[in-house]
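Student: Data file entry.cif (mmCIF, C-alpha atoms and all ligand atoms) is appended below.
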```
data_data
#
loop_
_atom_site.label_atom_id
_atom_site.label_comp_id
_atom_site.auth_asym_id
_atom_site.auth_seq_id
_atom_site.Cartn_x
_atom_site.Cartn_y
_atom_site.Cartn_z
CA MET C 273 26.13 239.83 68.10
CA SER C 274 26.80 240.35 64.42
CA ASP C 275 25.32 237.65 62.20
CA ASP C 276 26.68 239.01 58.89
CA VAL C 277 30.37 239.19 59.68
CA MET C 278 32.91 238.44 56.93
CA PHE C 279 36.45 237.10 57.18
CA GLY C 280 38.62 239.59 55.23
CA PHE C 281 41.82 238.80 53.35
CA GLY C 282 44.47 241.15 54.82
CA ALA C 283 47.15 241.63 52.16
CA MET C 284 49.82 243.06 54.47
CA ARG C 285 51.89 240.01 55.45
CA LEU C 286 52.13 238.10 52.17
CA ASP C 287 54.62 235.36 51.44
CA LEU C 288 57.98 236.73 50.20
CA GLU C 289 60.58 235.39 47.77
CA ASN C 290 63.31 237.24 49.67
CA GLU C 291 62.80 237.88 53.39
CA ASN C 292 64.87 241.08 53.25
CA ASP C 293 62.80 242.58 50.44
CA PRO C 294 59.19 243.35 51.45
CA SER C 295 58.20 243.97 47.83
CA SER C 296 59.32 240.50 46.65
CA ILE C 297 55.86 238.93 47.01
CA ASN C 298 55.45 235.40 45.74
CA PHE C 299 52.64 236.17 43.26
CA ASP C 300 51.87 232.49 42.56
CA ASP C 301 51.30 231.76 46.26
CA VAL C 302 49.11 234.83 46.67
CA THR C 303 47.04 233.92 43.62
CA GLY C 304 46.56 230.42 45.07
CA MET C 305 45.37 231.90 48.36
CA ILE C 306 43.00 234.28 46.55
CA ASP C 307 41.46 231.35 44.65
CA TYR C 308 41.03 229.30 47.81
CA TYR C 309 39.53 232.27 49.71
CA MET C 310 37.09 233.12 46.91
CA ASP C 311 36.13 229.43 46.56
CA GLN C 312 35.12 229.38 50.22
CA GLY C 313 32.57 232.14 49.54
CA PHE C 314 34.51 235.15 50.93
CA ASN C 315 35.27 238.29 48.91
CA TYR C 316 36.75 241.18 50.98
CA PHE C 317 40.38 242.23 50.33
CA ASP C 318 42.24 244.81 52.38
CA THR C 319 45.38 246.52 51.13
CA SER C 320 47.12 249.90 51.34
CA TYR C 321 49.47 252.14 49.40
CA ALA C 322 52.15 251.25 51.94
CA TYR C 323 51.85 247.45 52.27
CA HIS C 324 54.86 245.67 50.81
CA ASN C 325 56.01 249.03 49.36
CA GLY C 326 53.11 249.02 46.90
CA ALA C 327 53.52 245.40 45.84
CA SER C 328 50.44 244.31 47.82
CA GLU C 329 48.22 246.37 45.47
CA ALA C 330 50.12 244.95 42.48
CA ALA C 331 49.61 241.37 43.74
CA LEU C 332 45.86 241.97 44.05
CA LYS C 333 45.78 243.38 40.53
CA VAL C 334 47.41 240.27 39.10
CA GLY C 335 45.74 237.63 41.27
CA LEU C 336 42.31 239.17 41.70
CA VAL C 337 41.32 242.18 39.58
CA GLU C 338 42.54 240.71 36.30
CA ARG C 339 41.06 237.26 36.99
CA TYR C 340 37.64 237.82 38.57
CA PRO C 341 34.59 239.92 37.54
CA ARG C 342 34.85 243.30 39.32
CA GLU C 343 31.47 242.99 41.11
CA SER C 344 32.43 239.59 42.58
CA PHE C 345 34.90 241.04 45.13
CA LYS C 346 35.45 244.08 47.33
CA ILE C 347 38.71 245.98 47.74
CA ALA C 348 39.53 248.32 50.61
CA ASP C 349 42.58 250.54 50.11
CA LYS C 350 44.21 253.22 52.28
CA MET C 351 45.60 256.69 51.66
CA PRO C 352 49.23 257.05 52.88
CA THR C 353 48.43 259.90 55.30
CA TRP C 354 52.07 260.38 56.34
CA LEU C 355 53.08 261.19 52.75
CA LEU C 356 50.49 263.95 52.22
CA LYS C 357 52.02 267.40 51.80
CA ASN C 358 49.08 269.40 50.38
CA GLU C 359 45.46 269.09 49.21
CA ALA C 360 46.41 268.06 45.66
CA ASP C 361 48.26 265.01 47.02
CA ASN C 362 44.92 263.37 47.93
CA GLU C 363 43.98 263.04 44.26
CA LYS C 364 47.51 262.15 43.24
CA TYR C 365 47.74 259.16 45.60
CA ALA C 366 44.13 257.99 45.09
CA ASN C 367 44.65 257.89 41.31
CA GLU C 368 47.97 256.11 41.69
CA MET C 369 46.31 253.50 43.90
CA LEU C 370 43.52 252.92 41.36
CA GLU C 371 46.14 252.46 38.68
CA ARG C 372 48.19 250.05 40.78
CA LEU C 373 45.05 247.97 41.40
CA GLY C 374 43.83 248.21 37.82
CA THR C 375 40.33 249.29 38.84
CA ASP C 376 38.25 252.47 38.57
CA TYR C 377 36.69 252.43 42.03
CA PHE C 378 37.35 251.33 45.60
CA ASP C 379 34.68 249.47 47.53
CA VAL C 380 36.08 250.98 50.73
CA PHE C 381 38.54 253.87 50.90
CA LEU C 382 40.21 254.68 54.21
CA ILE C 383 42.54 257.37 55.48
CA HIS C 384 45.39 255.29 56.88
CA ASN C 385 46.58 255.28 60.49
CA ILE C 386 44.73 258.26 61.96
CA ASN C 387 46.21 259.20 65.31
CA GLU C 388 46.76 262.60 66.89
CA ALA C 389 49.76 263.45 64.66
CA PHE C 390 48.28 262.21 61.38
CA LEU C 391 44.90 263.77 62.12
CA THR C 392 46.67 267.14 61.83
CA VAL C 393 48.14 266.10 58.47
CA ALA C 394 44.73 264.92 57.19
CA GLU C 395 43.09 268.14 58.41
CA ASN C 396 45.76 270.35 56.81
CA CYS C 397 45.34 268.48 53.51
CA LYS C 398 41.50 268.40 53.75
CA THR C 399 41.54 264.62 53.33
CA PHE C 400 38.18 264.06 55.06
CA ASP C 401 36.55 266.44 52.52
CA TYR C 402 38.38 264.68 49.71
CA ILE C 403 37.15 261.17 50.60
CA LYS C 404 33.57 262.50 50.86
CA LYS C 405 33.99 263.84 47.33
CA MET C 406 35.30 260.42 46.23
CA LYS C 407 32.09 258.87 47.53
CA GLU C 408 29.87 261.44 45.76
CA GLU C 409 31.72 260.83 42.50
CA GLY C 410 31.51 257.03 42.79
CA LYS C 411 35.28 256.61 43.16
CA ALA C 412 34.65 255.00 46.56
CA ARG C 413 31.51 253.16 47.65
CA LYS C 414 32.21 253.42 51.38
CA ILE C 415 34.66 255.70 53.17
CA GLY C 416 36.32 255.92 56.56
CA PHE C 417 39.66 255.74 58.31
CA SER C 418 41.84 253.31 60.18
CA TYR C 419 42.42 254.44 63.72
CA HIS C 420 45.10 254.05 66.39
CA ASP C 421 44.59 256.40 69.30
CA ARG C 422 42.45 257.28 72.33
CA ALA C 423 38.68 256.91 72.42
CA ASP C 424 38.05 260.56 73.35
CA LEU C 425 39.91 261.66 70.20
CA LEU C 426 37.89 259.19 68.11
CA GLU C 427 34.72 260.73 69.47
CA GLU C 428 35.96 264.23 68.57
CA ILE C 429 36.73 263.06 65.01
CA LEU C 430 33.32 261.45 64.57
CA GLU C 431 31.59 264.56 65.95
CA LYS C 432 33.48 266.73 63.49
CA TYR C 433 33.71 264.56 60.38
CA GLY C 434 31.32 261.63 61.08
CA ASP C 435 28.59 262.62 58.58
CA GLY C 436 29.11 260.51 55.49
CA ILE C 437 31.74 258.32 57.16
CA ASP C 438 30.66 254.67 56.87
CA VAL C 439 33.39 252.64 58.52
CA VAL C 440 36.18 252.79 61.08
CA GLN C 441 38.97 250.24 60.99
CA LEU C 442 40.03 249.41 64.55
CA GLN C 443 42.63 247.30 66.28
CA LEU C 444 40.40 244.94 68.21
CA ASN C 445 41.54 241.79 69.98
CA TYR C 446 41.01 240.25 73.39
CA LEU C 447 44.51 241.20 74.57
CA ASP C 448 43.98 244.92 73.85
CA TRP C 449 40.28 245.00 74.78
CA GLU C 450 40.92 246.69 78.15
CA SER C 451 44.31 248.19 77.23
CA LYS C 452 44.82 251.75 78.46
CA LEU C 453 47.08 252.39 75.48
CA THR C 454 44.95 251.03 72.62
CA GLU C 455 41.53 251.51 74.26
CA SER C 456 40.12 248.79 72.06
CA ARG C 457 36.80 248.38 73.91
CA LYS C 458 36.24 252.10 74.34
CA ASN C 459 36.99 252.77 70.66
CA TYR C 460 34.58 250.03 69.62
CA GLU C 461 31.87 251.48 71.89
CA ILE C 462 32.33 254.93 70.32
CA CYS C 463 31.78 253.36 66.89
CA GLU C 464 28.59 251.69 68.16
CA LYS C 465 27.42 255.00 69.63
CA TYR C 466 27.91 256.78 66.29
CA GLY C 467 26.46 253.89 64.24
CA LYS C 468 29.65 253.18 62.31
CA GLU C 469 30.53 249.82 60.85
CA VAL C 470 33.75 248.40 62.30
CA ILE C 471 36.42 246.60 60.32
CA VAL C 472 38.74 244.76 62.68
CA MET C 473 42.48 244.74 62.13
CA GLU C 474 45.03 242.85 64.18
CA PRO C 475 42.57 240.32 65.69
CA ILE C 476 45.58 238.03 66.33
CA LYS C 477 47.86 240.98 67.11
CA GLY C 478 50.40 240.29 64.39
CA GLY C 479 50.61 236.59 65.35
CA THR C 480 51.14 237.26 69.07
CA LEU C 481 47.91 235.45 70.01
CA PHE C 482 48.93 232.48 67.90
CA ASN C 483 52.53 232.08 69.09
CA LEU C 484 51.81 231.31 72.73
CA PRO C 485 53.40 228.71 75.02
CA ASP C 486 51.97 225.17 75.12
CA ASP C 487 50.41 225.50 78.58
CA ILE C 488 48.33 228.49 77.40
CA LYS C 489 47.39 226.67 74.20
CA GLU C 490 46.23 223.67 76.24
CA LYS C 491 43.98 225.86 78.39
CA PHE C 492 42.23 227.13 75.24
CA GLU C 493 41.95 223.62 73.85
CA LYS C 494 40.32 222.45 77.09
CA GLU C 495 37.61 225.03 76.37
CA GLY C 496 37.22 223.60 72.86
CA MET C 497 39.03 226.42 70.98
CA THR C 498 42.27 226.72 69.05
CA LEU C 499 44.25 229.93 69.63
CA VAL C 500 43.34 231.27 66.18
CA GLU C 501 39.68 230.42 66.61
CA ALA C 502 39.52 232.15 70.00
CA ALA C 503 41.10 235.34 68.64
CA LEU C 504 38.97 235.54 65.48
CA ARG C 505 35.71 234.62 67.17
CA PHE C 506 36.27 237.19 69.94
CA ALA C 507 36.85 239.94 67.38
CA ALA C 508 33.89 238.95 65.22
CA SER C 509 31.37 238.62 68.06
CA HIS C 510 30.50 242.31 68.27
CA LYS C 511 27.36 243.80 66.73
CA ASN C 512 28.94 246.52 64.58
CA VAL C 513 31.87 244.40 63.38
CA LYS C 514 31.27 243.61 59.70
CA VAL C 515 34.71 242.40 58.63
CA VAL C 516 37.55 240.73 60.56
CA LEU C 517 40.83 240.99 58.69
CA SER C 518 43.58 238.51 59.13
CA GLY C 519 47.01 239.02 57.56
CA VAL C 520 47.46 235.49 56.26
CA GLY C 521 50.92 234.60 54.95
CA ASN C 522 50.39 231.11 53.51
CA ILE C 523 47.69 228.68 52.40
CA ASP C 524 47.66 226.71 55.69
CA GLN C 525 46.93 229.86 57.68
CA MET C 526 44.31 230.76 55.09
CA LYS C 527 42.55 227.41 55.51
CA GLU C 528 42.60 227.65 59.32
CA ASN C 529 41.19 231.21 59.23
CA CYS C 530 38.45 230.32 56.71
CA GLU C 531 37.29 227.37 58.85
CA VAL C 532 36.39 229.72 61.73
CA PHE C 533 33.87 231.53 59.53
CA LYS C 534 32.22 228.48 57.90
CA PRO C 535 29.75 229.11 59.41
CA PHE C 536 30.65 231.73 62.00
CA GLU C 537 29.54 230.96 65.54
CA PRO C 538 29.46 233.99 67.88
CA MET C 539 31.07 233.53 71.30
CA SER C 540 28.86 232.70 74.25
CA GLU C 541 29.13 234.91 77.33
CA GLU C 542 31.09 232.15 79.12
CA GLU C 543 33.56 231.82 76.24
CA ASN C 544 33.96 235.59 76.12
CA ASP C 545 34.69 235.72 79.87
CA PHE C 546 37.20 232.88 79.58
CA VAL C 547 39.09 234.56 76.73
CA LEU C 548 39.25 237.88 78.58
CA SER C 549 40.51 236.13 81.71
CA MET C 550 43.28 234.55 79.61
CA ALA C 551 44.26 238.01 78.34
CA ASN C 552 45.52 238.89 81.84
CA GLU C 553 47.66 235.76 81.94
CA ILE C 554 49.07 236.33 78.43
CA LYS C 555 49.91 240.01 79.11
CA GLU C 556 52.33 238.89 81.81
CA LEU C 557 54.30 236.97 79.14
CA ILE C 558 54.68 239.74 76.56
CA ALA C 559 57.62 242.05 77.17
CA ILE C 560 57.12 244.46 74.23
CA ASP C 561 53.62 245.20 73.04
CA CYS C 562 54.54 245.40 69.31
CA SER C 563 51.94 244.37 66.72
CA TYR C 564 54.68 243.78 64.08
CA CYS C 565 52.90 246.06 61.59
CA GLY C 566 56.28 247.22 60.24
CA TYR C 567 55.27 250.86 59.70
CA CYS C 568 58.30 252.06 61.66
CA LEU C 569 60.71 250.41 59.21
CA LYS C 570 60.30 253.09 56.57
CA GLU C 571 61.07 255.83 59.07
CA CYS C 572 64.37 254.48 60.37
CA PRO C 573 67.31 256.12 58.58
CA VAL C 574 69.66 253.50 59.98
CA GLY C 575 67.68 250.49 58.73
CA ILE C 576 67.16 248.77 62.08
CA PRO C 577 64.71 245.85 61.64
CA ILE C 578 62.69 247.02 64.65
CA PRO C 579 59.77 244.51 64.62
CA ASP C 580 62.13 241.57 64.02
CA PHE C 581 64.20 242.59 67.04
CA PHE C 582 61.10 243.08 69.19
CA GLU C 583 59.80 239.67 68.15
CA LEU C 584 63.13 238.04 69.02
CA TYR C 585 63.19 239.86 72.35
CA ASN C 586 59.64 238.73 73.18
CA SER C 587 60.48 235.14 72.21
CA GLU C 588 63.63 235.27 74.34
CA LYS C 589 61.63 236.45 77.36
CA MET C 590 58.97 233.79 76.73
CA TYR C 591 61.11 230.75 75.80
CA SER C 592 64.79 231.65 76.48
CA LEU C 593 66.28 229.74 73.50
CA PRO C 594 70.01 230.01 72.63
CA SER C 595 69.11 229.90 68.88
CA LEU C 596 67.44 233.32 69.22
CA HIS C 597 70.85 234.89 69.92
CA SER C 598 72.31 233.56 66.69
CA ILE C 599 69.21 234.68 64.73
CA TYR C 600 69.71 238.13 66.26
CA GLY C 601 73.36 238.13 65.10
CA THR C 602 72.43 237.18 61.52
CA THR C 603 69.56 239.70 61.33
CA ALA C 604 71.74 242.48 62.77
CA ALA C 605 74.55 241.70 60.31
CA ALA C 606 72.16 241.75 57.34
CA ASN C 607 70.52 245.04 58.44
CA ALA C 608 71.76 247.05 61.43
CA PRO C 609 72.17 246.15 65.11
CA ALA C 610 69.88 247.70 67.71
CA SER C 611 72.90 249.55 69.14
CA ASP C 612 73.07 251.63 65.93
CA CYS C 613 69.91 253.49 67.03
CA THR C 614 70.69 257.21 67.15
CA GLU C 615 67.56 257.98 69.21
CA CYS C 616 66.37 260.33 66.46
CA GLU C 617 62.76 259.30 67.33
CA SER C 618 61.61 259.42 63.66
CA CYS C 619 59.94 256.06 64.15
CA MET C 620 57.82 257.06 67.13
CA ALA C 621 55.08 259.15 65.47
CA ILE C 622 54.07 256.33 63.14
CA CYS C 623 54.14 253.53 65.74
CA THR C 624 50.61 252.14 65.93
CA GLN C 625 51.21 250.90 69.50
CA LYS C 626 52.78 254.17 70.71
CA LEU C 627 55.96 252.41 71.80
CA ASN C 628 59.04 254.23 72.96
CA ILE C 629 61.10 252.42 70.34
CA PRO C 630 64.57 253.86 71.13
CA ASP C 631 64.18 252.98 74.82
CA LEU C 632 62.99 249.47 74.02
CA LEU C 633 65.89 248.96 71.63
CA LYS C 634 68.18 249.53 74.61
CA ASP C 635 66.58 246.46 76.22
CA VAL C 636 67.21 244.56 73.00
CA VAL C 637 70.88 245.61 73.12
CA ASP C 638 71.19 244.49 76.76
CA CYS C 639 69.65 241.15 75.89
CA PHE C 640 71.40 240.28 72.63
CA GLU C 641 74.57 242.31 72.15
S1 LIG A 1 65.02 256.30 66.98
FE1 LIG A 1 66.40 254.64 66.43
S2 LIG A 1 65.04 253.05 65.63
FE2 LIG A 1 63.87 254.96 65.63
S3 LIG A 1 64.16 255.82 63.60
FE3 LIG A 1 65.75 256.73 64.89
S4 LIG A 1 67.52 255.37 64.64
FE4 LIG A 1 65.74 254.24 63.87
S1 LIG A 2 57.35 249.11 66.78
FE1 LIG A 2 55.35 250.06 66.40
S2 LIG A 2 55.33 250.61 64.24
FE2 LIG A 2 57.06 249.19 64.55
S3 LIG A 2 56.23 247.18 64.07
FE3 LIG A 2 55.98 247.45 66.27
S4 LIG A 2 53.92 248.33 66.52
FE4 LIG A 2 54.44 248.55 64.34
#
```
Show me the file's structure as structure tokens.
Ligand code: SF4
Ligand code: SF4
Tutor:
Amino acid sequence: MSDDVMFGFGAMRLDLENENDPSSINFDDVTGMIDYYMDQGFNYFDTSYAYHNGASEAALKVGLVERYPRESFKIADKMPTWLLKNEADNEKYANEMLERLGTDYFDVFLIHNINEAFLTVAENCKTFDYIKKMKEEGKARKIGFSYHDRADLLEEILEKYGDGIDVVQLQLNYLDWESKLTESRKNYEICEKYGKEVIVMEPIKGGTLFNLPDDIKEKFEKEGMTLVEAALRFAASHKNVKVVLSGVGNIDQMKENCEVFKPFEPMSEEENDFVLSMANEIKELIAIDCSYCGYCLKECPVGIPIPDFFELYNSEKMYSLPSLHSIYGTTAAANAPASDCTECESCMAICTQKLNIPDLLKDVVDCFE
């Protein structure tokens, strides 16, 4: 069990002024959350070039970098791997990110969303060599990559590039722990084998492990845990896990998340077994295994709000509410209906959950149109 685990502020799902504009972050709300989080004794912030179309970095600059002494907090940022075209782009994006944040170094610098396809991009652009150079030059204190693929590929990457790599950011939650698609447990075990620190992303799976039916919630409460507590404590109770990120959207969520780590109590073996047994029950309820990361949105030329539609579809399968059909109608009118999908497959390479998005959109059409 890890006894020095930190709750990390994930700046990827921040409160918006306008729901249809991901860059319209409510800076006052974010600054309030930063103050509360820092007051509670935490100091790890996770952002990326891509989050909120760059506005996440800008919000951290205004709310954090310009208001707190630089050594009092840590910032992790991520290279937009999918935008890299050549070796020179590494420097171009890293410098742009430093400027957006208003700092001259990263505490942690990660290559974003390494999977089979983006590994090729990073290799062609020599990005692993570049981040090692960043570390030597003091531009980054720790380096690594965020990872979404099979465990055997992770092992190959660590064999080839592991020297000098400090951290791997992994999707780790009790629902995906034994998943054949995400290989959460196997990926974690590879990190342990190679002595890498693990930063956990998606411990609540984009809110999925929070938005569960009442009967499931009651079963957790009978064991003395809220849904959020169960998810965060499961993720944090592994030896090599040093940070558990949670993408908090408002101050209430922030308070609930902070409570779990004040102080952090690792899960007992019985609690661990209970949570994993619940994973099997919960899996039966989830029709589409989307983590709502939103990466696919940028790739869709038609502008289909893919994660919103998948969330509505999952809610419909779980609760069957008539109001979901009218929400679908409004969302489709403001963006594009699922039936506008041309099956171009542009979204599929970036999908962190390896979903067959065009096929799943057909289910959405059958359900809502
Ligand atoms: S396959 Fe459909 S949803 Fe995916 S990018 Fe193309 S049009 Fe958009
Ligand atoms: S479909 Fe894939 S890329 Fe899009 S939000 Fe869901 S998990 Fe993320």
Student: Can I get the residues close to ligand LIG 2 (chain A) as a list in words, where close means within 9 Å and we count all atoms listed in the file?
Tutor: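 Here is the list of contacting residues: Ile560, Asp561, Cys562, Ser563, Tyr564, Cys565, Gly566, Tyr567, Cys568, Leu569, Pro577, Ile578, Pro579, Asp580, Phe582, Glu583, Cys619, Met620, Ala621, Ile622, Cys623, Thr624, Gln625, Lys626, Leu627, Asn628 and Ile629 of chain C.
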Student: For those residues, write C-alpha atoms to a file as a PDB file, in the coordinates of the input.
Tutor:
```pdb
ATOM      1  CA  ILE C 560      57.120 244.460  74.230  1.00  0.00           C
ATOM      2  CA  ASP C 561      53.620 245.200  73.040  1.00  0.00           C
ATOM      3  CA  CYS C 562      54.540 245.400  69.310  1.00  0.00           C
ATOM      4  CA  SER C 563      51.940 244.370  66.720  1.00  0.00           C
ATOM      5  CA  TYR C 564      54.680 243.780  64.080  1.00  0.00           C
ATOM      6  CA  CYS C 565      52.900 246.060  61.590  1.00  0.00           C
ATOM      7  CA  GLY C 566      56.280 247.220  60.240  1.00  0.00           C
ATOM      8  CA  TYR C 567      55.270 250.860  59.700  1.00  0.00           C
ATOM      9  CA  CYS C 568      58.300 252.060  61.660  1.00  0.00           C
ATOM     10  CA  LEU C 569      60.710 250.410  59.210  1.00  0.00           C
ATOM     11  CA  PRO C 577      64.710 245.850  61.640  1.00  0.00           C
ATOM     12  CA  ILE C 578      62.690 247.020  64.650  1.00  0.00           C
ATOM     13  CA  PRO C 579      59.770 244.510  64.620  1.00  0.00           C
ATOM     14  CA  ASP C 580      62.130 241.570  64.020  1.00  0.00           C
ATOM     15  CA  PHE C 582      61.100 243.080  69.190  1.00  0.00           C
ATOM     16  CA  GLU C 583      59.800 239.670  68.150  1.00  0.00           C
ATOM     17  CA  CYS C 619      59.940 256.060  64.150  1.00  0.00           C
ATOM     18  CA  MET C 620      57.820 257.060  67.130  1.00  0.00           C
ATOM     19  CA  ALA C 621      55.080 259.150  65.470  1.00  0.00           C
ATOM     20  CA  ILE C 622      54.070 256.330  63.140  1.00  0.00           C
ATOM     21  CA  CYS C 623      54.140 253.530  65.740  1.00  0.00           C
ATOM     22  CA  THR C 624      50.610 252.140  65.930  1.00  0.00           C
ATOM     23  CA  GLN C 625      51.210 250.900  69.500  1.00  0.00           C
ATOM     24  CA  LYS C 626      52.780 254.170  70.710  1.00  0.00           C
ATOM     25  CA  LEU C 627      55.960 252.410  71.800  1.00  0.00           C
ATOM     26  CA  ASN C 628      59.040 254.230  72.960  1.00  0.00           C
ATOM     27  CA  ILE C 629      61.100 252.420  70.340  1.00  0.00           C
TER      28      ILE C 629
END
```
Student: Kindly extract all protein, DNA and RNA residues lying within 12 Å of the coordinates (71.0, 245.2, 62.2) given in the file, considering all atoms listed in the file, and supply them as a ChimeraX atom specification.
Tutor: /C:292,569,572,574-581,599-613,633,636-637,640-641
Student: Pick out the closest residue to Asn362 of chain C from this set: C:Ala322, C:Cys397, C:Ile488, C:Val277. Count all atoms listed in the file.
Tutor: C:Cys397
Student: Just how far from atom CA of Asn385 of chain C is atom CA of Tyr419 of chain C, in Å to one decimal?
Tutor: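 Distance reported for this atom pair: 5.3 Å.
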Student: Considering all atoms listed in the file, return as a list in words whatever protein or nucleic-acid residues lie within 10 Å of Leu332 of chain C, sequence-local ones (same chain, fewer than 3 positions apart) excluded.
Tutor: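 Surrounding residues, per the criterion: Ala283, Phe299, Val302, Thr303, Ile306, Phe317, Asp318, Thr319, Ala327, Ser328, Glu329, Gly335, Leu336, Val337, Glu338, Arg339, Ile347, Arg372, Leu373 and Gly374 of chain C.
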Student: Save the residues we just selected, C-alpha atoms, as a PDB file, in the frame of the given file?
Tutor:
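What landed in out.pdb:
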```pdb
ATOM      1  CA  ALA C 283      47.150 241.630  52.160  1.00  0.00           C
ATOM      2  CA  PHE C 299      52.640 236.170  43.260  1.00  0.00           C
ATOM      3  CA  VAL C 302      49.110 234.830  46.670  1.00  0.00           C
ATOM      4  CA  THR C 303      47.040 233.920  43.620  1.00  0.00           C
ATOM      5  CA  ILE C 306      43.000 234.280  46.550  1.00  0.00           C
ATOM      6  CA  PHE C 317      40.380 242.230  50.330  1.00  0.00           C
ATOM      7  CA  ASP C 318      42.240 244.810  52.380  1.00  0.00           C
ATOM      8  CA  THR C 319      45.380 246.520  51.130  1.00  0.00           C
ATOM      9  CA  ALA C 327      53.520 245.400  45.840  1.00  0.00           C
ATOM     10  CA  SER C 328      50.440 244.310  47.820  1.00  0.00           C
ATOM     11  CA  GLU C 329      48.220 246.370  45.470  1.00  0.00           C
ATOM     12  CA  GLY C 335      45.740 237.630  41.270  1.00  0.00           C
ATOM     13  CA  LEU C 336      42.310 239.170  41.700  1.00  0.00           C
ATOM     14  CA  VAL C 337      41.320 242.180  39.580  1.00  0.00           C
ATOM     15  CA  GLU C 338      42.540 240.710  36.300  1.00  0.00           C
ATOM     16  CA  ARG C 339      41.060 237.260  36.990  1.00  0.00           C
ATOM     17  CA  ILE C 347      38.710 245.980  47.740  1.00  0.00           C
ATOM     18  CA  ARG C 372      48.190 250.050  40.780  1.00  0.00           C
ATOM     19  CA  LEU C 373      45.050 247.970  41.400  1.00  0.00           C
ATOM     20  CA  GLY C 374      43.830 248.210  37.820  1.00  0.00           C
TER      21      GLY C 374
END
```
Student: Select, from C:Tyr316, C:Tyr308, C:Trp354, C:Tyr340, the residue with the minimum atom-to-atom distance to Val393 of chain C, counting all atoms listed in the file.
Tutor: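 Once distances to Val393 of chain C are computed over all atoms listed in the file, the minimum belongs to C:Trp354.
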Student: What's the 10 Å shell around Leu425 of chain C, counting all atoms listed in the file, without same-chain residues fewer than 4 positions away, as a list in words?
Tutor: Asn387, Glu388, Leu391, His420, Asp421, Ile429, Leu430, Glu431 and Asn459 of chain C
Student: Please produce a file of the residues just selected, as a PDB file, in the coordinates of the input, where the atoms kept are C-alpha atoms.
Tutor:
```
ATOM      1  CA  ASN C 387      46.210 259.200  65.310  1.00  0.00           C
ATOM      2  CA  GLU C 388      46.760 262.600  66.890  1.00  0.00           C
ATOM      3  CA  LEU C 391      44.900 263.770  62.120  1.00  0.00           C
ATOM      4  CA  HIS C 420      45.100 254.050  66.390  1.00  0.00           C
ATOM      5  CA  ASP C 421      44.590 256.400  69.300  1.00  0.00           C
ATOM      6  CA  ILE C 429      36.730 263.060  65.010  1.00  0.00           C
ATOM      7  CA  LEU C 430      33.320 261.450  64.570  1.00  0.00           C
ATOM      8  CA  GLU C 431      31.590 264.560  65.950  1.00  0.00           C
ATOM      9  CA  ASN C 459      36.990 252.770  70.660  1.00  0.00           C
TER      10      ASN C 459
END
```
Student: Just give me the gap between atom CA of Ser518 of chain C and atom CA of Phe533 of chain C in Å, one decimal is fine.
Tutor: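 Value for the atom CA of Ser518 of chain C-atom CA of Phe533 of chain C distance: 12.0 Å.
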Student: Find the distance between atom CA of Asp287 of chain C and atom CA of Asn522 of chain C and write it in Å to one decimal.
Tutor: 6.3 Å
Student: For each of C:Ala331, C:Leu632, C:Ile437, C:Ala502, take the minimum atom-to-atom distance to ligand LIG 1 (chain A), counting all atoms listed in the file, then give the residue where this is smallest.
Tutor: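 Under the stated criterion, the closest residue is C:Leu632.
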Student: Nearest residue to Glu537 of chain C out of C:Lys489, C:Arg342, C:Arg505, C:Lys555, using all atoms listed in the file?
Tutor: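 Comparing C:Lys489, C:Arg342, C:Arg505, C:Lys555 against Glu537 of chain C, the winner is C:Arg505.
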Student: Considering all atoms listed in the file, tabulate each residue of segment 432-526 of chain C that lies at most 10 Å from segment 404-412 of chain C along with its nearest interatomic pair and the corresponding distance in Å to one decimal; arrange the rows by chain and ascending residue number and present them as a tab-separated table.
Tutor:
```
residue	atom	partner	partner_atom	distance
C:Tyr433	CA	C:Lys404	CA	9.7
C:Asp435	CA	C:Lys404	CA	9.2
C:Gly436	CA	C:Lys404	CA	6.7
C:Ile437	CA	C:Lys404	CA	7.8
```
Student: Which is closest to Ile403 of chain C among C:Tyr591, C:Trp449, C:Phe390, C:Tyr365, if we use all atoms listed in the file?
Tutor: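 Among the listed residues, the smallest separation from Ile403 of chain C belongs to C:Tyr365.
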Student: If you count only C-alpha atoms, which residues fall within 7 Å of Met305 of chain C, apart from same-chain ones fewer than 4 positions away, as an NGL selection string?
Tutor: :C and (301 or 309 or 523 or 526)
Student: Just the residues within 12 Å of Glu553 of chain C, please, counting all atoms listed in the file, with nothing from its chain fewer than 4 positions along; format it as a PyMOL selection string.
Tutor: chain C and resi 446-447+481+484-485+487-489+491+546-549+557-558
Student: Smallest atom-to-atom distance to Glu528 of chain C: which of C:Glu359, C:Asp631, C:Glu501, C:Glu368, using all atoms listed in the file?
Tutor: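 Result for the nearest residue to Glu528 of chain C: C:Glu501.
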